[in-house]
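The next block holds one structure in the form of structure tokens; read it before the comments.
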Amino acid sequence: MENDQFVAADLLLLSSSEPHGLCYIETAELDGETNLKSRQSLPETATLLDDNAAFTRLRAEITCEAPNNNLSRYEGALKLDGSQLSLNNSQVLLRGCILRNTVWCYGVVVFAGKDTKLMQNSGKTKLKRTSIDRLLNYLIIGIVMFLLCMCTICTIACGIWESQIGVKFQVIQPWDVFVEAIVNRQNQSGAIAVIAVLMFFSYFIVLNTVVPISLYVSVEMIRLAHSFWINWDQEMVFKDIPAKARTTTLNEELGQIEYIFSDKTGTLTQNIMTFNKCSINGRRYGDVVDEAGEMTEPLENTPLTDFSDNPEADLKFRFYDKTLLRDVKKRDPDCDLFFRLLSLCHTVMPDEKNGRLVYQAQSPDEGALVDAARNFGFVFLYRNPTSITCKIMDEEVEYELLDILDFNNVRKRMSVILRKDGKILLYCKGADSIIMERLRPGNDQLKQITNDHLNSFASDGLRTLCLAWKELTPTQYSTWKAKYHEATVALENREEKVDAVAEEIEKDLILIGATAIEDKLQDGVPDAIYSLAQAEIKIWVLTGDKLETAINIGYSCKLLTDDMREVFIIDADDAAGTQDQLEKAKTKLGSPDSPMLSPAADGIPRSKSGVTFPGPGSPTIHDIATVENGHSNGTAAKEMDENNICALVIQGKSLVFALTPAMEMLFLEVASLCRAVICCRVTPLQKALVVGLVKKHKKAITLAIGDGANDVSMIKVAHIGVGISGQEGMQAVLASDYSIGQFRFLKRLLLVHGRWSYYRMSKFLRYFFYKNFAFTLCHLWYAFFCGFTAQTVYDPWFISFYNLFYTSLPILALGIFDQDVNAKNSIDFPKLYTPGHQNLLFNRQKFFRSMMHGVATSLILFFIAYGAFHYSVDDLQGIQAFGTGLATILIFTVTLQVALDTSYWTYINFITIIGSVVFYLSLTLFMYSNLFATSYLGSEKKVYSSPAFWFTLVLTVVILMVPVVAARFFLIDTRPTLSDRVRLRQKNESKLKRFQVSAHVAGLTRPSASVTPTARRRKNRRSMRSSYAFSHEKGFGDLITTGTNMPGGKESGSVRLWGKKARRRTDQNGAGAVITLANAFVEESSPEKEMQEVRIVGATGDQVDGVLRPVVPVQITSL
């Protein structure tokens, strides 16, 4: 394999281009981390290098474990030249890794295909079906049973009629020869039984249209159209990558999501660390300040610091505070020391790509710091086991590397000891709490100022750490070095002894300053998560990252906020500890006045923080959310008190025990009571198990979203899988049901397309069952007047064309185009999404309501028409005239009903509705003309020429439609849903826009000036501090200082604008309060706060700066 290649199978590393058989890999596809990890071949095979002849002579035997899903373990043995060599995970390159910073390597495949550990974690692909599909199957079975019941009733009635009345007509209408062939003519009871049984099958054929066979065809056509709406949505295109519906069977399920399971790296974040701010000797750098001297958010037009005079600068580096570069160029000693430390105190490996210097770091945080120093003129060039070379302000400087005291999770810091010009220097960086404890006494003012800066940085969601240094005397160093060497060769408790010796030298430090790094979120992630949370969708983050990193990102993206009363951390190492922590969390969740669950209570000293992220409209969102019959039905409101919001964070090691059968229900109960759940350090299989647990026991619709191969398993398990076309490959997209370019598009996918699809499909199904029952049951009522002889009331051609031509297009147009509110309001009012959680728009109750509506319609249709035609003075008697008239009234009725059901009119809706009626009348006139020999010949002329028929049609339609219209007006007026209110608001906004246009055309207003974006004040919060130091892994220190990764020598280095601000003035004629169109807007105001009915009642004008400006008086009625 060569550098930057994808590892396609599990390999045992044999040799590499690097010394001692080392190679470096990126495991983003496995655990979501892009930092480098090292692997090293056995010394016995490392000497093979790239000698093909040596590989030809190689004779060895590998014995290893069976295929399994444990990514962190590999057990095996290599039998070579008679010796048995032990194999472990450090010699294996797993499928999904990418070879980095290594020219080439050789390996032998140990697992391939489905046996690889990645595929063992992927899970099985299952057929996905929507909840509506499952409900439809049960309903169809119920309809078939209903059909059998009707046939049975008709069979019994036929037997009774034949025995009481039919026998008297045998002279003029004898029984069929077939009946006489089966039973004796004298056996009347037997003959009647045979006739009744035959009628059962006859009515099964006549009434079979009640079973909606064509329903499935129509449903698939509508789903296909909904998929095209997603594919064609230009609002979900990112860098020429459109959203894509990879399936056509799950669209309405997008409108019923209750749980979202999201990966973090590459899904919520860009996994790009940027140097954002810093504090140097009490001076703060990196803030963007406006003309008033207030800190603001940088905008696109905010000028950047110019690094063009630095040939080594990274062109992608963005920094806004020009004062830092100015002080560096002035050779300010504090700035010089600050960036000198950043360029020297690290374990970054240099490399060259396309003629440019690039860095490969064990942690992306560390890479960002070294890259920042490079941009400010302190360029790390290369290193070897004994030296580090940098270019400082165009001057190449070499430091002798004495020791590296590497980072680990206990120390939470790293140090380097260097010698330059006879001076021995110790540079140290780490967590603020760790560094502050080791500072030299005194200089309390600098410590306080730096601590204030750290708090401010953390409140902005930045990852912070402190920098310090000291100078060592040769005597100090030599004494310490002897102890350190003794600790490094100890046979017992080596790590503890090394840490203890390092503790001795890392004290009495001098504070330099602090850094602040931003783990950049994808654009729009906080807003998307906030909107989805307002839609009462619970979001769980399942990530392979470390606990503190995941928590910090949780705060940054508004998943965790300061209004949360508790954040529970579950990180026990055994089953008993995990259960105890879950029990404590469950107890505290039941006690609203309990204090914060401090991580220190578990004996683990951590910093805990809460964060305020004021979202738009949060105080009033529940006040106005009348979802169904004026009442909110959100699942989140049922499961937890809004004033008692909590979050749960659980480690992967604890999750192993939490997912056991004995503890999974406790875990699920605690997690369900929390608004947000973060599972960190989880494997791909654990992600799938968590999704499966919620899917199984909560009976909720789940969605999993990710961008890497490590997300494939949960994408397959969830009801709906969404893949992000990211930097980690296409595995997630290929396994997904829908693909999008960025996480923020999930908001539009669910709140717009998902809600519309569910809304349209529900309305389509309700209408389809209504029209089918209204059509079919007329046969049943007619059976009572035809002696239960299975005589059809309609023309056979009409029965065939009813669902195929006459009523198909209007309902298809409704199912494809209809919408209650537009896309903008669907996003602005996330509460509109909540009916899908409880299947409020289509369920068994809605089905029975549609069924009864159809039954009542058929009764009224049949008996009004029967009475009118039976007693008609226009000679309308006869089955042909009655059937033609009844069919015409039915078409007018169901077509008018679909027109009433249409909320959003397009040209296609209008054409299909009018066209269906016209097509029916035209085809009827054509089919019943002299061109065809039919028993209905001329019946249409007799019926359509009769005033009695048209009066009957109007009377029937009025009787059927008036109660429907009255009921809808009554419900809208007395118990309006949120959808009704938003639709009214949308209608009034449209009126205002039309008035503005007409006023502008009339010359009453000046054209509106373009809105120039202004900088907004930064919203601060407190957050997890020093998450860099917490999340950093042990680096390449051992490899560097021992020289196992390189030979000696330098060449070997490897305005949201919502909510109107109403300016009130009193009309000169005492008209009262008015609102002018020339009003400004209030930022960050929620549309939910201003649910108002606005009616234009007139227009006046006033003089403003000599220009006549219109004033639109509006009546405000709070809803």
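Each chain of the structure tokens is named A, B, ... in the order shown, its residues numbered from 1; ligands are numbered from 1 in display order.
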
* **Near-stretch 341-355 of chain A list (7 Å; only C-alpha atoms; drop same-chain fewer than 2 positions) as an MDAnalysis selection string** => chainID A and resid 101 337:339 357:362 366:367 369:370 373 378:382 415:416 427:428 1035:1037 1053:1054

* Can you pull out every residue within 10 Å of A:Ile1040, counting only C-alpha atoms, but drop anything in the same chain fewer than 6 positions away, and send it as a ChimeraX atom specification? => /A:347-349,383-387,401,403-404,1046-1047

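From atom CA of A:Ser654 back to atom CA of A:Ala572, the distance works out to 5.5 Å.
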
* A:Phe55, A:Trp480, A:Tyr928, A:Tyr530: which is nearest A:Arg744, counting only C-alpha atoms? ->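 Comparing A:Phe55, A:Trp480, A:Tyr928, A:Tyr530 against A:Arg744, the winner is A:Tyr530.
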
* To do: Using DSSP on the backbone coordinates, identify the residues of stretch 141-262 of chain A assigned to helix (DSSP H, G or I); present them as a PyMOL selection string.
  => chain A and resi 141-164+166-169+177-182+188-206+208-210+213-231+234-236+251-255

Residues near stretch 754-770 of chain A, cut-off 6 Å, only C-alpha atoms, skip fewer than 3 positions along chain, as a PDB file with N, CA and C atoms, in the first residue's frame:
```pdb
ATOM      1  N   GLU A 252     -43.135   9.738   4.087  1.00  0.00           N
ATOM      2  CA  GLU A 252     -44.025  10.224   5.138  1.00  0.00           C
ATOM      3  C   GLU A 252     -43.476   9.920   6.525  1.00  0.00           C
ATOM      4  N   LEU A 254     -40.583  10.592   7.427  1.00  0.00           N
ATOM      5  CA  LEU A 254     -39.793  11.774   7.773  1.00  0.00           C
ATOM      6  C   LEU A 254     -40.608  12.783   8.575  1.00  0.00           C
ATOM      7  N   GLY A 255     -41.910  12.708   8.496  1.00  0.00           N
ATOM      8  CA  GLY A 255     -42.771  13.626   9.232  1.00  0.00           C
ATOM      9  C   GLY A 255     -43.208  13.101  10.576  1.00  0.00           C
ATOM     10  N   LEU A 749     -35.349  18.977   5.699  1.00  0.00           N
ATOM     11  CA  LEU A 749     -35.795  17.655   5.280  1.00  0.00           C
ATOM     12  C   LEU A 749     -36.951  17.159   6.135  1.00  0.00           C
ATOM     13  N   LEU A 750     -36.882  17.415   7.447  1.00  0.00           N
ATOM     14  CA  LEU A 750     -37.928  16.933   8.348  1.00  0.00           C
ATOM     15  C   LEU A 750     -39.089  17.909   8.452  1.00  0.00           C
ATOM     16  N   LEU A 751     -38.787  19.169   8.777  1.00  0.00           N
ATOM     17  CA  LEU A 751     -39.846  20.137   9.067  1.00  0.00           C
ATOM     18  C   LEU A 751     -40.625  20.546   7.826  1.00  0.00           C
ATOM     19  N   PHE A 773     -65.805   4.010   0.015  1.00  0.00           N
ATOM     20  CA  PHE A 773     -66.993   3.563   0.744  1.00  0.00           C
ATOM     21  C   PHE A 773     -68.243   4.240   0.192  1.00  0.00           C
ATOM     22  N   GLY A 815     -52.424  14.796  -3.199  1.00  0.00           N
ATOM     23  CA  GLY A 815     -51.364  14.092  -2.500  1.00  0.00           C
ATOM     24  C   GLY A 815     -49.977  14.544  -2.883  1.00  0.00           C
ATOM     25  N   LEU A 841     -52.743  12.628  12.265  1.00  0.00           N
ATOM     26  CA  LEU A 841     -53.397  12.939  10.996  1.00  0.00           C
ATOM     27  C   LEU A 841     -53.964  11.714  10.315  1.00  0.00           C
ATOM     28  N   PHE A 842     -53.422  10.532  10.621  1.00  0.00           N
ATOM     29  CA  PHE A 842     -54.021   9.308  10.085  1.00  0.00           C
ATOM     30  C   PHE A 842     -53.759   8.173  11.057  1.00  0.00           C
ATOM     31  N   SER A 850     -63.384   8.494   8.428  1.00  0.00           N
ATOM     32  CA  SER A 850     -63.527   8.573   6.965  1.00  0.00           C
ATOM     33  C   SER A 850     -64.490   7.512   6.465  1.00  0.00           C
ATOM     34  N   MET A 851     -64.410   6.335   7.065  1.00  0.00           N
ATOM     35  CA  MET A 851     -65.306   5.251   6.677  1.00  0.00           C
ATOM     36  C   MET A 851     -66.762   5.634   6.949  1.00  0.00           C
ATOM     37  N   GLY A 854     -67.958   8.116   4.526  1.00  0.00           N
ATOM     38  CA  GLY A 854     -68.311   7.483   3.261  1.00  0.00           C
ATOM     39  C   GLY A 854     -69.630   6.733   3.344  1.00  0.00           C
TER      40      GLY A 854
END
```

* Go through A:Trp905, A:Phe261, A:Phe847, A:Phe801 and flag the residue nearest A:Asp820, using only C-alpha atoms for the distances. =>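 Nearest candidate to A:Asp820 out of A:Trp905, A:Phe261, A:Phe847, A:Phe801: A:Trp905.
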
* Contacts of A:Ala783 at 10 Å or less, counting only C-alpha atoms, minus same-chain residues fewer than 5 places along, as a PyMOL selection string? -> chain A and resi 154+157-158+203+777-778+788-793

* To do: Go through A:Ile98, A:Leu71, A:Ile720, A:Ala193 and flag the residue nearest A:Asn251, using only C-alpha atoms for the distances.
  =>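 So, comparing all the options, the nearest one is A:Ile720.
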